[in-house]
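As stored in start_2.csv (CSV, C-alpha atoms):
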chain,number,residue,atom,x,y,z
A,1,MET,CA,21.3,11.8,8.8
A,2,LEU,CA,21.9,9.6,5.7
A,3,ARG,CA,23.6,11.3,2.8
A,4,HIS,CA,22.6,10.3,-0.7
A,5,SER,CA,24.2,11.2,-3.9
A,6,ARG,CA,22.3,13.5,-6.1
A,7,PRO,CA,19.9,11.7,-8.4
A,8,GLU,CA,20.5,11.8,-12.2
A,9,VAL,CA,17.6,11.9,-14.6
A,10,TRP,CA,18.0,10.3,-17.9
A,11,MET,CA,15.4,11.6,-20.4
A,12,ALA,CA,14.7,12.6,-23.9
A,13,PRO,CA,12.9,15.8,-24.6
A,14,ALA,CA,9.4,15.9,-22.9
A,15,PRO,CA,6.8,14.1,-25.0
A,16,ALA,CA,4.2,16.2,-26.7
A,17,ASP,CA,1.4,14.6,-24.6
A,18,ALA,CA,3.2,15.0,-21.2
A,19,ALA,CA,0.0,16.7,-19.8
A,20,GLY,CA,-1.5,13.2,-19.7
A,21,ALA,CA,-0.9,10.7,-16.9
A,22,SER,CA,2.5,10.1,-15.4
A,23,VAL,CA,3.2,6.6,-14.2
A,24,VAL,CA,5.8,6.3,-11.4
A,25,LEU,CA,7.6,3.0,-10.6
A,26,VAL,CA,10.1,2.6,-7.8
A,27,VAL,CA,12.6,-0.2,-8.5
A,28,PHE,CA,14.8,-2.2,-6.2
A,29,MET,CA,16.1,-5.6,-7.2
A,30,THR,CA,12.7,-6.2,-8.8
A,31,GLY,CA,13.4,-9.3,-10.8
A,32,GLU,CA,11.8,-10.6,-14.0
A,33,SER,CA,8.5,-8.7,-13.7
A,34,LEU,CA,10.1,-5.2,-14.1
A,35,PHE,CA,10.1,-4.8,-17.9
A,36,PRO,CA,6.6,-6.4,-18.5
A,37,SER,CA,5.4,-3.9,-15.8
A,38,VAL,CA,6.9,-1.0,-17.7
A,39,ASP,CA,5.4,-2.3,-21.0
A,40,SER,CA,2.0,-2.4,-19.4
A,41,ALA,CA,2.2,1.2,-18.5
A,42,LEU,CA,3.5,2.3,-21.9
A,43,ALA,CA,0.6,0.4,-23.5
A,44,GLN,CA,-1.9,2.9,-21.9
A,45,PRO,CA,-2.6,5.5,-24.5
A,46,GLU,CA,-3.3,8.2,-21.8
A,47,VAL,CA,0.2,7.8,-20.4
A,48,GLY,CA,2.5,10.6,-21.4
A,49,GLU,CA,5.5,9.4,-19.4
A,50,VAL,CA,6.7,6.5,-17.4
A,51,ILE,CA,9.1,7.5,-14.7
A,52,VAL,CA,11.3,4.7,-13.3
A,53,VAL,CA,13.1,5.5,-10.1
A,54,ASP,CA,15.9,3.0,-9.8
A,55,ASN,CA,16.9,2.6,-6.2
A,56,GLY,CA,19.1,-0.4,-7.1
A,57,SER,CA,19.1,-3.0,-9.8
A,58,LEU,CA,21.4,-5.7,-11.0
A,59,PRO,CA,23.9,-4.4,-13.6
A,60,GLU,CA,22.2,-6.1,-16.5
A,61,ASP,CA,18.8,-4.6,-15.5
A,62,ALA,CA,20.3,-1.2,-14.9
A,63,ALA,CA,21.9,-1.3,-18.4
A,64,ARG,CA,18.6,-2.3,-20.0
A,65,LEU,CA,16.7,0.5,-18.2
A,66,ALA,CA,19.3,3.0,-19.5
A,67,GLU,CA,18.9,1.7,-23.0
A,68,LEU,CA,15.1,1.9,-22.8
A,69,ALA,CA,15.2,5.5,-21.5
A,70,ALA,CA,17.6,6.4,-24.3
A,71,LEU,CA,15.4,4.9,-27.0
A,72,ASN,CA,11.9,5.7,-25.8
A,73,PRO,CA,11.0,9.4,-25.3
A,74,ARG,CA,8.2,8.4,-22.9
A,75,VAL,CA,10.5,6.7,-20.4
A,76,ARG,CA,12.4,8.8,-17.9
A,77,LEU,CA,14.9,7.1,-15.6
A,78,LEU,CA,16.0,8.6,-12.3
A,79,THR,CA,19.1,6.9,-10.9
A,80,GLY,CA,22.1,7.6,-8.6
A,81,GLN,CA,20.2,8.3,-5.4
A,82,GLY,CA,20.9,4.9,-3.9
A,83,ASN,CA,18.3,2.8,-2.0
A,84,VAL,CA,16.4,5.7,-0.4
A,85,GLY,CA,13.3,3.6,0.2
A,86,PHE,CA,9.9,3.5,-1.5
A,87,ALA,CA,8.4,6.7,-0.1
A,88,ARG,CA,11.4,8.8,-0.8
A,89,GLY,CA,11.9,7.3,-4.3
A,90,ALA,CA,8.2,7.8,-5.1
A,91,ASN,CA,8.4,11.4,-4.1
A,92,LEU,CA,11.5,11.9,-6.2
A,93,GLY,CA,9.6,10.5,-9.2
A,94,ALA,CA,6.5,12.6,-8.6
A,95,GLY,CA,8.7,15.6,-8.2
A,96,ILE,CA,9.8,15.4,-11.9
A,97,ALA,CA,6.4,14.3,-13.2
A,98,GLN,CA,4.8,16.6,-15.8
A,99,GLY,CA,1.4,14.9,-16.0
A,100,ASP,CA,-1.8,16.1,-14.3
A,101,LEU,CA,-2.5,12.6,-13.0
A,102,LEU,CA,0.0,10.6,-11.0
A,103,VAL,CA,-0.3,6.8,-11.2
A,104,PHE,CA,1.9,4.9,-8.8
A,105,LEU,CA,2.5,1.3,-10.0
A,106,ASN,CA,4.5,-1.5,-8.3
A,107,PRO,CA,7.2,-2.8,-10.7
A,108,ASP,CA,5.8,-6.3,-10.2
A,109,ALA,CA,2.3,-5.3,-11.2
A,110,PHE,CA,0.7,-5.0,-14.7
A,111,LEU,CA,-1.9,-2.5,-15.7
A,112,GLY,CA,-4.8,-4.0,-17.6
A,113,GLU,CA,-6.3,-2.4,-20.7
A,114,GLY,CA,-8.1,0.8,-19.9
A,115,GLY,CA,-6.8,0.9,-16.4
A,116,VAL,CA,-5.5,4.5,-16.4
A,117,THR,CA,-8.8,5.7,-18.0
A,118,ALA,CA,-10.8,3.9,-15.3
A,119,LEU,CA,-8.7,5.4,-12.5
A,120,ALA,CA,-9.0,8.9,-14.0
A,121,GLU,CA,-12.8,8.6,-14.4
A,122,ALA,CA,-13.1,7.6,-10.7
A,123,LEU,CA,-11.6,10.8,-9.6
A,124,CYS,CA,-13.9,13.0,-11.7
A,125,GLY,CA,-16.0,15.2,-9.4
A,126,ARG,CA,-14.3,14.0,-6.2
A,127,PRO,CA,-13.2,16.6,-3.6
A,128,SER,CA,-9.6,17.5,-3.2
A,129,PRO,CA,-7.6,15.6,-2.0
A,130,SER,CA,-8.9,12.3,-3.3
A,131,LEU,CA,-7.2,9.0,-4.1
A,132,VAL,CA,-8.4,6.0,-6.2
A,133,GLY,CA,-7.1,2.5,-5.9
A,134,ALA,CA,-7.3,-0.2,-8.6
A,135,ARG,CA,-8.7,-3.8,-8.2
A,136,ILE,CA,-5.5,-5.8,-7.5
A,137,ILE,CA,-5.8,-9.4,-8.7
A,138,ASN,CA,-3.7,-12.5,-8.6
A,139,SER,CA,-2.5,-14.3,-11.8
A,140,ASP,CA,-5.4,-16.7,-11.5
A,141,GLY,CA,-7.9,-13.8,-11.6
A,142,THR,CA,-8.9,-13.9,-7.9
A,143,GLU,CA,-8.8,-10.6,-5.9
A,144,GLN,CA,-5.6,-10.2,-4.0
A,145,ARG,CA,-5.5,-9.8,-0.2
A,146,GLY,CA,-4.9,-6.2,0.8
A,147,GLY,CA,-6.3,-4.5,-2.3
A,148,ARG,CA,-9.1,-3.0,-0.4
A,149,ARG,CA,-9.2,-2.7,3.4
A,150,GLY,CA,-11.1,-1.3,6.2
A,151,GLU,CA,-9.8,1.1,8.9
A,152,ILE,CA,-6.3,0.1,10.0
A,153,THR,CA,-6.1,0.2,13.8
A,154,PRO,CA,-3.8,-1.5,16.3
A,155,LEU,CA,-6.5,-3.9,17.3
A,156,SER,CA,-7.6,-4.8,13.8
A,157,THR,CA,-4.0,-5.2,12.7
A,158,LEU,CA,-3.1,-7.6,15.5
A,159,LEU,CA,-6.2,-9.7,14.9
A,160,SER,CA,-5.7,-9.7,11.2
A,161,LEU,CA,-1.9,-10.5,11.3
A,162,SER,CA,-2.6,-13.3,13.8
A,163,THR,CA,-5.5,-14.6,11.5
A,164,LEU,CA,-7.8,-14.6,14.6
A,165,ALA,CA,-10.2,-12.2,12.8
A,166,ARG,CA,-10.6,-14.7,10.0
A,167,ARG,CA,-10.9,-17.8,12.1
A,168,ALA,CA,-13.1,-16.6,15.0
A,169,PRO,CA,-16.7,-15.6,14.0
A,170,ALA,CA,-17.0,-13.3,17.0
A,171,LEU,CA,-13.9,-11.3,15.8
A,172,ARG,CA,-14.8,-11.1,12.1
A,173,ARG,CA,-15.7,-7.4,12.4
A,174,PHE,CA,-12.1,-6.7,13.1
A,175,GLU,CA,-10.9,-8.2,9.8
A,176,VAL,CA,-9.5,-5.4,7.7
A,177,HIS,CA,-9.2,-7.2,4.4
A,178,LEU,CA,-12.3,-7.0,2.2
A,179,GLU,CA,-11.4,-9.2,-0.8
A,180,ASP,CA,-13.8,-12.0,0.3
A,181,GLU,CA,-16.7,-9.6,0.1
A,182,PRO,CA,-18.6,-9.3,-3.2
A,183,THR,CA,-16.8,-7.1,-5.8
A,184,PRO,CA,-18.6,-3.7,-6.0
A,185,THR,CA,-20.3,-3.0,-9.3
A,186,GLY,CA,-19.0,0.6,-9.4
A,187,VAL,CA,-16.7,3.0,-7.6
A,188,VAL,CA,-17.1,2.9,-3.8
A,189,GLU,CA,-15.5,4.7,-0.9
A,190,THR,CA,-13.0,2.4,0.9
A,191,PRO,CA,-11.0,3.4,4.0
A,192,THR,CA,-7.7,1.9,2.7
A,193,ILE,CA,-6.5,0.7,-0.7
A,194,SER,CA,-3.3,-0.9,-1.9
A,195,GLY,CA,-0.3,1.0,-3.0
A,196,ALA,CA,0.4,-1.6,-5.7
A,197,CYS,CA,-1.5,0.7,-8.1
A,198,PHE,CA,-3.4,3.9,-7.3
A,199,ALA,CA,-3.8,7.4,-8.7
A,200,MET,CA,-4.1,11.0,-7.5
A,201,ARG,CA,-4.2,14.4,-9.1
A,202,ARG,CA,-0.7,15.8,-9.0
A,203,THR,CA,-1.9,18.9,-7.2
A,204,ASP,CA,-3.6,16.8,-4.5
A,205,PHE,CA,-0.4,14.8,-4.0
A,206,GLU,CA,1.7,17.9,-3.7
A,207,ALA,CA,-0.7,19.6,-1.4
A,208,LEU,CA,-0.4,16.7,1.0
A,209,GLY,CA,3.4,16.8,0.8
A,210,GLY,CA,3.6,13.4,-0.9
A,211,PHE,CA,4.4,10.3,0.9
A,212,ASP,CA,5.7,10.5,4.5
A,213,GLU,CA,9.4,9.6,4.0
A,214,GLY,CA,9.6,8.4,7.6
A,215,TYR,CA,8.4,5.0,6.1
A,216,PHE,CA,11.1,3.2,4.3
A,217,LEU,CA,9.1,0.4,2.8
A,218,HIS,CA,5.3,-0.4,3.2
A,219,VAL,CA,2.6,1.4,5.2
A,220,GLU,CA,3.2,4.7,3.4
A,221,ASP,CA,0.1,3.8,1.3
A,222,ILE,CA,-2.0,3.3,4.5
A,223,ASP,CA,-0.6,6.6,5.9
A,224,LEU,CA,-1.5,8.4,2.7
A,225,CYS,CA,-5.0,7.1,2.6
A,226,TRP,CA,-5.5,8.2,6.3
A,227,ARG,CA,-4.2,11.7,5.5
A,228,VAL,CA,-6.4,12.0,2.5
A,229,ARG,CA,-9.5,11.2,4.6
A,230,ARG,CA,-8.3,13.4,7.5
A,231,ALA,CA,-8.0,16.3,5.1
A,232,GLY,CA,-11.6,15.9,4.1
A,233,GLY,CA,-11.0,14.0,0.9
A,234,GLN,CA,-12.1,10.6,-0.3
A,235,VAL,CA,-10.4,7.3,-0.8
A,236,VAL,CA,-12.2,5.2,-3.4
A,237,PHE,CA,-11.9,1.7,-5.0
A,238,GLN,CA,-12.3,1.3,-8.7
A,239,PRO,CA,-13.1,-2.3,-9.7
A,240,ALA,CA,-12.9,-1.5,-13.4
A,241,ALA,CA,-9.2,-0.8,-13.2
A,242,ARG,CA,-7.7,-4.3,-13.1
A,243,VAL,CA,-4.1,-4.8,-12.2
A,244,ILE,CA,-2.3,-8.2,-12.0
A,245,HIS,CA,0.1,-8.1,-9.1
A,246,VAL,CA,2.4,-11.2,-9.1
A,247,GLY,CA,4.3,-10.3,-5.9
A,248,HIS,CA,7.2,-12.0,-4.3
A,249,THR,CA,9.5,-11.5,-7.3
A,250,SER,CA,11.9,-9.1,-5.6
A,251,ARG,CA,15.4,-10.4,-4.7
A,252,ALA,CA,15.2,-8.4,-1.5
A,253,ASN,CA,15.3,-10.4,1.8
A,254,PRO,CA,11.7,-11.2,2.8
A,255,LEU,CA,12.5,-11.0,6.5
A,256,ARG,CA,13.8,-7.4,6.0
A,257,VAL,CA,10.8,-6.6,4.0
A,258,GLU,CA,8.4,-7.8,6.7
A,259,PHE,CA,10.4,-6.2,9.4
A,260,ALA,CA,10.1,-2.9,7.6
A,261,LYS,CA,6.3,-3.5,7.3
A,262,GLY,CA,6.0,-4.2,11.0
A,263,ARG,CA,8.1,-1.1,11.9
A,264,GLY,CA,6.0,1.0,9.6
A,265,LEU,CA,2.7,-0.2,11.2
A,266,ALA,CA,4.0,0.6,14.6
A,267,ARG,CA,5.1,4.0,13.5
A,268,PHE,CA,1.7,4.7,11.9
A,269,PHE,CA,-0.2,3.9,15.1
A,270,ARG,CA,2.1,6.2,17.1
A,271,LYS,CA,1.6,8.9,14.5
A,272,ARG,CA,-2.2,8.7,14.5
A,273,ALA,CA,-2.6,8.4,18.3
A,274,VAL,CA,-4.5,11.4,19.7
A,275,THR,CA,-5.0,10.7,23.4
A,276,PRO,CA,-2.4,9.7,25.9
A,277,LEU,CA,-4.1,6.4,26.2
A,278,GLU,CA,-3.9,5.8,22.5
A,279,SER,CA,-0.3,6.8,22.4
A,280,LEU,CA,0.5,4.4,25.3
A,281,ALA,CA,-1.3,1.6,23.5
A,282,ALA,CA,0.6,2.2,20.3
A,283,TRP,CA,4.0,2.1,22.0
A,284,ALA,CA,3.0,-1.0,23.9
A,285,LEU,CA,1.6,-2.9,20.9
A,286,GLY,CA,4.5,-1.9,18.6
A,287,PRO,CA,6.8,-4.8,19.4
A,288,PHE,CA,4.0,-7.4,19.1
A,289,ILE,CA,3.1,-6.0,15.6
A,290,VAL,CA,6.7,-6.1,14.5
A,291,ALA,CA,7.1,-9.7,15.7
A,292,LEU,CA,3.9,-10.9,14.0
A,293,ALA,CA,5.0,-9.3,10.7
A,294,VAL,CA,8.4,-11.0,10.9
A,295,VAL,CA,6.9,-14.4,11.7
A,296,ARG,CA,4.9,-14.4,8.4
A,297,PRO,CA,7.8,-15.3,6.0
A,298,VAL,CA,8.5,-18.3,8.1
A,299,LEU,CA,4.8,-19.4,7.8
A,300,TRP,CA,4.9,-18.8,4.1
A,301,ARG,CA,7.8,-21.2,3.8
A,302,LEU,CA,5.8,-23.8,5.6
A,303,LYS,CA,2.4,-23.5,3.8
A,304,GLY,CA,2.9,-20.8,1.1
A,305,PRO,CA,1.9,-17.1,1.1
A,306,PRO,CA,-1.8,-16.1,1.4
A,307,ARG,CA,-3.5,-15.6,-1.9

Structure encoded using structure tokens:
Amino acid sequence: MLRHSRPEVWMAPAPADAAGASVVLVVFMTGESLFPSVDSALAQPEVGEVIVVDNGSLPEDAARLAELAALNPRVRLLTGQGNVGFARGANLGAGIAQGDLLVFLNPDAFLGEGGVTALAEALCGRPSPSLVGARIINSDGTEQRGGRRGEITPLSTLLSLSTLARRAPALRRFEVHLEDEPTPTGVVETPTISGACFAMRRTDFEALGGFDEGYFLHVEDIDLCWRVRRAGGQVVFQPAARVIHVGHTSRANPLRVEFAKGRGLARFFRKRAVTPLESLAAWALGPFIVALAVVRPVLWRLKGPPR
């Protein structure tokens, strides 16, 4: 078992409006988008605190984060735990949150005006547990791939990763990405949303046990959506909550990132398998899913990442 040093929380006294939303960002070699992302969270009047879980930053960024936490009572910095992965880091951040609403935000994503309000409104009247995802958009205003998705299965994943579901009309029903469909005019149920920005009631998140820490990076959001629905709750998409996600700003090795994503998908399919046949299929398809995920950065270098 890996041993991690005990995290250290840098914080001023709790802000008076800490009962509002808590925004959690997990940071690892994020790059230039980090501080604009934090600023976008602080600009939301409903946000009582922004919790930055620093799994690893360059010295100059780490020093700037420490200074920000010392000067701004709404910023809480958790550091010293090492690179424990996204799921573990997000759970650590949620564990010290004081707000009734948890908003998880990627540190290369920027909340638009009124985003937290729109997310909170989408949860009103929803059963417990429920989860609401934002509309994730590119810098040019187009909807980003992966922001809203259908049911993630081994077959749909293979056909989507290989692009066969997009290129072959007979296989279109297996395409899990829904960004090419018309944007809903209101809140709609969607099987899977993006972890780049979503919100849950803190009580719901805690009742589910938070993120499954068996995922190091990626797929923990897919897993959480599945567990919410399995528990009788709802996963919904809120188009009124607009979040610009620039992506590809991290200094982390893209091959390692995609390998982690492939491993996570393979683990997810093993986890959700019910019958012996499903379990056998999940184990058999795992290596192919990992391979397809790792090949993608090579294709990106050749023709650029998908929009």

Please measure the separation of atom CA of A:Thr185 and atom CA of A:Gly141, giving the value in Å to one decimal.
16.6 Å

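Minimum atom-to-atom distances from A:Ile137, A:Val75, A:Leu178, A:Leu68 to A:Ser22 were compared using all atoms listed in the file, and the lowest value belongs to A:Val75.
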
As a check of understanding: the span from atom CA of A:Gln144 to atom CA of A:Leu224 is 20.2 Å

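Checking A:Arg242, A:Arg201, A:Arg272, A:Arg230 one by one against A:Leu123, counting only C-alpha atoms, you find the shortest gap at A:Arg201.
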
Could you tell me how far atom CA of A:Asp100 sits from atom CA of A:Val38, in Å to one decimal place?
19.5 Å

Residues of stretch 164-283 of chain A within 12 Å of stretch 110-115 of chain A: nearest atom pair and distance (Å, one decimal) for each, counting all atoms listed in the file, sorted by chain and number, as CSV?
residue,atom,partner,partner_atom,distance
A:Ala196,CA,A:Phe110,CA,9.6
A:Cys197,CA,A:Leu111,CA,8.3
A:Phe198,CA,A:Gly115,CA,10.2
A:Ala199,CA,A:Gly115,CA,10.5
A:Gln238,CA,A:Gly115,CA,9.5
A:Pro239,CA,A:Gly115,CA,9.7
A:Ala240,CA,A:Gly115,CA,7.2
A:Ala241,CA,A:Gly115,CA,4.3
A:Arg242,CA,A:Gly112,CA,5.4
A:Val243,CA,A:Leu111,CA,4.7
A:Ile244,CA,A:Phe110,CA,5.2
A:His245,CA,A:Phe110,CA,6.4
A:Val246,CA,A:Phe110,CA,8.5
A:Gly247,CA,A:Phe110,CA,10.9

Residues just named, written with C-alpha atoms as an mmCIF file, keeping the file's coordinate frame:
data_model
loop_
_atom_site.group_PDB
_atom_site.id
_atom_site.type_symbol
_atom_site.label_atom_id
_atom_site.label_comp_id
_atom_site.auth_asym_id
_atom_site.auth_seq_id
_atom_site.Cartn_x
_atom_site.Cartn_y
_atom_site.Cartn_z
ATOM 1 C CA ALA A 196 0.400 -1.600 -5.700
ATOM 2 C CA CYS A 197 -1.500 0.700 -8.100
ATOM 3 C CA PHE A 198 -3.400 3.900 -7.300
ATOM 4 C CA ALA A 199 -3.800 7.400 -8.700
ATOM 5 C CA GLN A 238 -12.300 1.300 -8.700
ATOM 6 C CA PRO A 239 -13.100 -2.300 -9.700
ATOM 7 C CA ALA A 240 -12.900 -1.500 -13.400
ATOM 8 C CA ALA A 241 -9.200 -0.800 -13.200
ATOM 9 C CA ARG A 242 -7.700 -4.300 -13.100
ATOM 10 C CA VAL A 243 -4.100 -4.800 -12.200
ATOM 11 C CA ILE A 244 -2.300 -8.200 -12.000
ATOM 12 C CA HIS A 245 0.100 -8.100 -9.100
ATOM 13 C CA VAL A 246 2.400 -11.200 -9.100
ATOM 14 C CA GLY A 247 4.300 -10.300 -5.900
#

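Nearest residue to A:Pro59 among A:Leu208, A:Val228, A:Leu217, A:Met29 is A:Met29, counting all atoms listed in the file.
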
Student task, stretch 188-215 of chain A output with N, CA and C atoms as an mmCIF file, in the first residue's frame:
data_model
loop_
_atom_site.group_PDB
_atom_site.id
_atom_site.type_symbol
_atom_site.label_atom_id
_atom_site.label_comp_id
_atom_site.auth_asym_id
_atom_site.auth_seq_id
_atom_site.Cartn_x
_atom_site.Cartn_y
_atom_site.Cartn_z
ATOM 1 N N VAL A 188 -32.193 18.240 -18.492
ATOM 2 C CA VAL A 188 -32.626 16.922 -18.966
ATOM 3 C C VAL A 188 -31.799 15.840 -18.286
ATOM 4 N N GLU A 189 -32.429 14.677 -18.105
ATOM 5 C CA GLU A 189 -31.681 13.543 -17.596
ATOM 6 C C GLU A 189 -30.735 13.032 -18.670
ATOM 7 N N THR A 190 -29.513 12.723 -18.285
ATOM 8 C CA THR A 190 -28.481 12.241 -19.182
ATOM 9 C C THR A 190 -27.694 11.162 -18.437
ATOM 10 N N PRO A 191 -27.459 9.999 -19.048
ATOM 11 C CA PRO A 191 -26.789 8.926 -18.308
ATOM 12 C C PRO A 191 -25.441 9.316 -17.711
ATOM 13 N N THR A 192 -24.654 10.093 -18.477
ATOM 14 C CA THR A 192 -23.286 10.386 -18.049
ATOM 15 C C THR A 192 -22.931 11.816 -18.398
ATOM 16 N N ILE A 193 -22.365 12.540 -17.451
ATOM 17 C CA ILE A 193 -21.909 13.907 -17.718
ATOM 18 C C ILE A 193 -20.399 13.982 -17.478
ATOM 19 N N SER A 194 -19.819 15.126 -17.763
ATOM 20 C CA SER A 194 -18.381 15.305 -17.632
ATOM 21 C C SER A 194 -17.996 15.720 -16.220
ATOM 22 N N GLY A 195 -16.878 15.172 -15.751
ATOM 23 C CA GLY A 195 -16.352 15.563 -14.457
ATOM 24 C C GLY A 195 -15.637 16.901 -14.475
ATOM 25 N N ALA A 196 -15.565 17.560 -15.647
ATOM 26 C CA ALA A 196 -14.902 18.867 -15.713
ATOM 27 C C ALA A 196 -15.609 19.894 -14.850
ATOM 28 N N CYS A 197 -16.926 19.765 -14.723
ATOM 29 C CA CYS A 197 -17.676 20.616 -13.806
ATOM 30 C C CYS A 197 -19.029 19.983 -13.525
ATOM 31 N N PHE A 198 -19.271 19.636 -12.285
ATOM 32 C CA PHE A 198 -20.569 19.111 -11.883
ATOM 33 C C PHE A 198 -20.786 19.428 -10.417
ATOM 34 N N ALA A 199 -22.029 19.241 -9.981
ATOM 35 C CA ALA A 199 -22.371 19.565 -8.602
ATOM 36 C C ALA A 199 -23.227 18.470 -7.987
ATOM 37 N N MET A 200 -23.081 18.329 -6.678
ATOM 38 C CA MET A 200 -23.903 17.413 -5.877
ATOM 39 C C MET A 200 -24.150 18.037 -4.520
ATOM 40 N N ARG A 201 -25.246 17.656 -3.895
ATOM 41 C CA ARG A 201 -25.416 17.985 -2.488
ATOM 42 C C ARG A 201 -24.327 17.255 -1.699
ATOM 43 N N ARG A 202 -23.779 17.920 -0.709
ATOM 44 C CA ARG A 202 -22.699 17.293 0.057
ATOM 45 C C ARG A 202 -23.189 16.014 0.741
ATOM 46 N N THR A 203 -24.434 16.027 1.219
ATOM 47 C CA THR A 203 -24.970 14.838 1.885
ATOM 48 C C THR A 203 -25.076 13.660 0.915
ATOM 49 N N ASP A 204 -25.426 13.933 -0.347
ATOM 50 C CA ASP A 204 -25.510 12.866 -1.349
ATOM 51 C C ASP A 204 -24.124 12.294 -1.652
ATOM 52 N N PHE A 205 -23.157 13.182 -1.808
ATOM 53 C CA PHE A 205 -21.794 12.748 -2.109
ATOM 54 C C PHE A 205 -21.257 11.877 -0.978
ATOM 55 N N GLU A 206 -21.496 12.302 0.247
ATOM 56 C CA GLU A 206 -21.019 11.538 1.397
ATOM 57 C C GLU A 206 -21.745 10.203 1.518
ATOM 58 N N ALA A 207 -23.050 10.192 1.238
ATOM 59 C CA ALA A 207 -23.818 8.957 1.343
ATOM 60 C C ALA A 207 -23.329 7.900 0.360
ATOM 61 N N LEU A 208 -22.839 8.337 -0.798
ATOM 62 C CA LEU A 208 -22.311 7.411 -1.798
ATOM 63 C C LEU A 208 -20.865 7.009 -1.524
ATOM 64 N N GLY A 209 -20.246 7.637 -0.542
ATOM 65 C CA GLY A 209 -18.849 7.336 -0.237
ATOM 66 C C GLY A 209 -17.873 8.100 -1.091
ATOM 67 N N GLY A 210 -18.359 9.153 -1.768
ATOM 68 C CA GLY A 210 -17.471 9.957 -2.608
ATOM 69 C C GLY A 210 -17.022 9.211 -3.842
ATOM 70 N N PHE A 211 -15.923 9.664 -4.419
ATOM 71 C CA PHE A 211 -15.352 9.003 -5.584
ATOM 72 C C PHE A 211 -14.729 7.668 -5.183
ATOM 73 N N ASP A 212 -14.772 6.715 -6.087
ATOM 74 C CA ASP A 212 -14.069 5.449 -5.901
ATOM 75 C C ASP A 212 -12.591 5.707 -6.123
ATOM 76 N N GLU A 213 -11.796 5.565 -5.060
ATOM 77 C CA GLU A 213 -10.373 5.891 -5.142
ATOM 78 C C GLU A 213 -9.553 4.823 -5.853
ATOM 79 N N GLY A 214 -10.211 3.780 -6.339
ATOM 80 C CA GLY A 214 -9.524 2.804 -7.177
ATOM 81 C C GLY A 214 -9.174 3.360 -8.539
ATOM 82 N N TYR A 215 -9.772 4.508 -8.896
ATOM 83 C CA TYR A 215 -9.423 5.203 -10.137
ATOM 84 C C TYR A 215 -8.405 6.276 -9.803
#
